[in-house]
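Remarks on the structure that follows.
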Amino acid sequence: MKISTQVKLQFLTTLFLVGAYHAAAQEDVSVTVEKQLSSGVIKENMDLSVNPGDNFTEYVNGNWMKTNEIPDDKSSYGIGMILHEESEDKVKAIIEESASGDFANGSDEQKVGDLYASYMNMEKRNAIGLAPLKAEFEKIDTLKNHSELAQYFAYANKNNISVPFALFVYQDLKNPEIYTVYLWQSGLGLPDREYYLKTDERSEEIKAKYVAHIGKMFDLAGLPDGATAATTVMALETTLAQKHLEKEKTRDLVSLYNMLNVVDLRTVMPRL
């Protein structure tokens with residue numbers, strides 16, 4: 001049987017490709033082996049006196065937990081927090097380098113550097129004061145009815161300003177192939193409803209300091225009668241807190257799933 005020149009070339013080409021693939025595969029294997037030898041396990045952190053079958057966490061992390069202290073400004077500490085802080089330090093170094101270097105106008109470095117420099121220019125910021133917020137105050141002052149209030153809530157929610165309820169888009173909890181608009185309780189300045197409703201000594205102290213803080217913010221903004229305004233804000237937020245779900249109920253995703261057609265929202269909030 002005779003083999004044509006074309007078939008011979010195809011055969012040789014196939015051999016070449018197979019050989020090249022085999023060589024590449026061999027390289028990949030060597031790289032994989034090298035990576036495997038570079039272990040991330042720090043034996044000094046382990047407590048080898050513990051039987052891993054009795055307490056695996058203690059076996060792997062025992063010495064680390066015994067020798068490491070939680071920093072005073074943290075409620076917990078571990079590798080996740082360490083990585084987070086190291087990442088922030090590296091990002092900070094990139095930003096500071098952008099701010100101190102001479103980069104071409106329009107480059108990413110120039111934009112980041114100028115933004116950082118403007119943010120850190122406290123003398124200029126203090127001179128400008130609250131003038132940039134004047135337009136925001138005017139938006140609120142001109143609201144006359146529920147319809148305009150609803151429009152402002154939409155604007156505020158989009159710009160990450162706290163309003164009585166948040167609105168966002170996410171995958172539907174029962175159908176991952178579609179997206180759904182969600183409404184969620186919001187509008188509180190303190191972390192949770194219990195901060196407003198508890199009456200123990202510590203909670204009362206927190207509430208009193210929060211009201212003083214609100215009043216101070218009104219005064220700094222140049223708005224009239226900060227003390228009275230703070231009392232009003234606290235009363236409003238307390239009313240909202242009374243309507244909020246308890247924390248444990250916000251974890252019950254089955255009960256939280258209440259699908260409504262857009263037109264039916266009018267029956268839930270007819271005045272909004």
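Naming scheme: A, B, ... for chains in displayed order of the structure tokens; residues 1 onward per chain; ligands 1 onward as shown.
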List the spatial neighbours of stretch 229-244 of chain A as a tab-separated table (two decimals) with C-alpha atoms, in the first residue's frame - criterion: any atom at most 6 Å away, only C-alpha atoms, same-chain residues fewer than 3 positions off excluded.
```
chain	number	residue	atom	x	y	z
A	188	LEU	CA	-31.97	53.42	60.99
A	193	ARG	CA	-33.80	47.81	66.07
A	196	TYR	CA	-33.84	51.80	70.00
A	211	VAL	CA	-29.21	62.10	69.88
A	214	ILE	CA	-27.41	64.07	65.49
A	215	GLY	CA	-27.82	67.51	67.02
A	226	GLY	CA	-30.22	71.03	66.02
```
Discussion item. As a VMD selection string, please: every residue in stretch 24-245 of chain A that a backbone DSSP assignment puts in strand (DSSP E).
Written reply: chain A and resid 165 to 171 179 to 185
Spatial neighbours of A:Lys158, 10 Å, only C-alpha atoms, chain gap at least 5 places, as a compact mmCIF listing (two decimals) with C-alpha atoms, in the first residue's frame:
```
# COMPACT_ATOMS: atom_id res chain seq x y z
CA TYR A 152 -36.65 61.50 46.41
CA PHE A 153 -36.50 58.09 48.09
CA ALA A 166 -33.92 49.99 50.50
CA LEU A 167 -34.47 48.77 46.95
CA PHE A 168 -32.06 46.58 45.01
```
Worksheet item: Do you have the atom CA of A:Asn45-atom CA of A:Asn61 distance handy?
Response: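 Going from atom CA of A:Asn45 over to atom CA of A:Asn61 covers 5.5 Å.
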Discussion item. Between atom CA of A:Tyr116 and atom CA of A:Asn160, what is the distance in Å, rounded to a tenth?
Written reply: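 Distance between the two atoms: 21.0 Å.
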Practice prompt. Compile the contact shell of A:Val169 as a ChimeraX atom specification: residues with an atom at most 10 Å away, counting only C-alpha atoms, same-chain residues fewer than 6 positions apart removed.
Written response: /A:179-183
Atoms kept (N, CA and C atoms) for selection, written as a PDB file, in the first residue's frame:
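Output file out24.pdb is given in full below:
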```pdb
ATOM      1  N   TYR A 179     -33.951  37.859  37.485  1.00  0.00           N
ATOM      2  CA  TYR A 179     -33.618  38.850  38.507  1.00  0.00           C
ATOM      3  C   TYR A 179     -34.908  39.435  39.068  1.00  0.00           C
ATOM      4  N   THR A 180     -34.850  39.813  40.327  1.00  0.00           N
ATOM      5  CA  THR A 180     -36.025  40.341  41.011  1.00  0.00           C
ATOM      6  C   THR A 180     -35.660  41.640  41.730  1.00  0.00           C
ATOM      7  N   VAL A 181     -36.617  42.548  41.810  1.00  0.00           N
ATOM      8  CA  VAL A 181     -36.443  43.770  42.596  1.00  0.00           C
ATOM      9  C   VAL A 181     -36.859  43.471  44.036  1.00  0.00           C
ATOM     10  N   TYR A 182     -35.983  43.782  44.968  1.00  0.00           N
ATOM     11  CA  TYR A 182     -36.242  43.526  46.380  1.00  0.00           C
ATOM     12  C   TYR A 182     -36.441  44.828  47.139  1.00  0.00           C
ATOM     13  N   LEU A 183     -37.356  44.793  48.105  1.00  0.00           N
ATOM     14  CA  LEU A 183     -37.519  45.877  49.071  1.00  0.00           C
ATOM     15  C   LEU A 183     -37.060  45.365  50.428  1.00  0.00           C
TER      16      LEU A 183
END
```
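Summary of the local environment: counting only C-alpha atoms, residues at most 10 Å from A:Trp64, other than itself and those fewer than 6 positions away along its chain, are Ile42, Lys43, Glu44, Asn45, Met46, Asp47, Glu58 and Gly78 of chain A.
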Practice prompt. Rounded to one decimal place, report the atom CA of A:Lys139-atom CA of A:Ile161 distance in Å.
Written response: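 Separation of atom CA of A:Lys139 and atom CA of A:Ile161: 13.0 Å.
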Worksheet item: DSSP says alpha helix (DSSP H) for which residues of stretch 39-221 of chain A? Put them as a ChimeraX atom specification?
Response: /A:56-67,79-100,108-120,122-128,134-141,146-158,194-197,201-220
For the residues selected in the previous step, produce a file with C-alpha atoms as a compact mmCIF listing (two decimals), in the first residue's frame.
```txt
# COMPACT_ATOMS: atom_id res chain seq x y z
CA PHE A 56 -8.63 19.13 64.36
CA THR A 57 -8.89 22.91 64.83
CA GLU A 58 -6.69 22.75 67.93
CA TYR A 59 -4.26 20.45 66.10
CA VAL A 60 -3.89 22.84 63.13
CA ASN A 61 -4.13 26.22 64.91
CA GLY A 62 -3.43 25.48 68.57
CA ASN A 63 -0.07 27.22 68.95
CA TRP A 64 -1.23 30.23 66.94
CA MET A 65 -4.26 30.69 69.18
CA LYS A 66 -2.09 30.42 72.29
CA THR A 67 0.55 32.93 71.18
CA ILE A 79 -6.02 35.06 58.65
CA GLY A 80 -8.96 36.73 56.90
CA MET A 81 -8.42 39.97 58.79
CA ILE A 82 -4.64 39.76 58.32
CA LEU A 83 -5.04 39.38 54.54
CA HIS A 84 -7.57 42.22 54.49
CA GLU A 85 -5.21 44.58 56.31
CA GLU A 86 -2.25 43.61 54.11
CA SER A 87 -4.36 44.23 51.00
CA GLU A 88 -5.37 47.66 52.30
CA ASP A 89 -1.72 48.54 52.97
CA LYS A 90 -0.78 47.55 49.41
CA VAL A 91 -3.66 49.53 47.90
CA LYS A 92 -2.67 52.51 50.06
CA ALA A 93 0.90 52.27 48.74
CA ILE A 94 -0.37 52.26 45.14
CA ILE A 95 -2.57 55.31 45.81
CA GLU A 96 0.20 57.26 47.54
CA GLU A 97 2.60 56.47 44.70
CA SER A 98 0.02 57.76 42.22
CA ALA A 99 -0.44 60.95 44.25
CA SER A 100 3.28 61.67 44.54
CA ASP A 108 -5.28 56.05 35.70
CA GLU A 109 -2.45 57.04 38.03
CA GLN A 110 -3.13 60.75 37.52
CA LYS A 111 -6.87 60.32 38.19
CA VAL A 112 -6.34 58.25 41.33
CA GLY A 113 -3.59 60.55 42.58
CA ASP A 114 -5.60 63.73 42.07
CA LEU A 115 -8.68 62.25 43.76
CA TYR A 116 -6.60 61.19 46.76
CA ALA A 117 -4.85 64.54 46.97
CA SER A 118 -8.15 66.42 46.89
CA TYR A 119 -9.58 64.17 49.60
CA MET A 120 -6.55 64.71 51.85
CA MET A 122 -8.18 69.30 54.65
CA GLU A 123 -7.41 73.03 54.42
CA LYS A 124 -9.30 73.28 51.13
CA ARG A 125 -12.12 71.05 52.38
CA ASN A 126 -12.58 73.15 55.50
CA ALA A 127 -12.62 76.32 53.39
CA ILE A 128 -15.33 74.90 51.12
CA LYS A 134 -26.49 72.85 49.64
CA ALA A 135 -28.12 71.29 46.58
CA GLU A 136 -28.97 68.17 48.60
CA PHE A 137 -30.60 70.20 51.37
CA GLU A 138 -32.62 72.10 48.76
CA LYS A 139 -33.93 68.85 47.29
CA ILE A 140 -35.33 67.93 50.69
CA ASP A 141 -36.68 71.41 51.49
CA HIS A 146 -45.98 61.88 48.94
CA SER A 147 -45.32 61.61 45.22
CA GLU A 148 -42.28 63.89 45.43
CA LEU A 149 -41.16 62.08 48.57
CA ALA A 150 -41.27 58.76 46.70
CA GLN A 151 -39.18 60.23 43.90
CA TYR A 152 -36.65 61.50 46.41
CA PHE A 153 -36.50 58.09 48.09
CA ALA A 154 -35.62 56.59 44.69
CA TYR A 155 -32.89 59.19 44.14
CA ALA A 156 -31.53 58.76 47.67
CA ASN A 157 -31.52 54.95 47.45
CA LYS A 158 -29.63 55.09 44.15
CA GLU A 194 -32.82 46.62 69.56
CA TYR A 195 -30.64 49.71 70.03
CA TYR A 196 -33.84 51.80 70.00
CA LEU A 197 -36.11 49.49 71.98
CA GLU A 201 -28.59 51.48 81.32
CA ARG A 202 -26.10 50.83 78.52
CA SER A 203 -28.78 51.15 75.81
CA GLU A 204 -30.09 54.41 77.28
CA GLU A 205 -26.55 55.81 77.30
CA ILE A 206 -26.06 54.89 73.65
CA LYS A 207 -29.37 56.52 72.66
CA ALA A 208 -28.55 59.71 74.54
CA LYS A 209 -25.14 59.98 72.86
CA TYR A 210 -26.71 59.25 69.47
CA VAL A 211 -29.21 62.10 69.88
CA ALA A 212 -26.37 64.44 70.88
CA HIS A 213 -24.45 63.34 67.78
CA ILE A 214 -27.41 64.07 65.49
CA GLY A 215 -27.82 67.51 67.02
CA LYS A 216 -24.13 68.23 66.50
CA MET A 217 -24.39 67.21 62.83
CA PHE A 218 -27.31 69.62 62.32
CA ASP A 219 -25.33 72.41 63.96
CA LEU A 220 -22.25 71.73 61.83
```
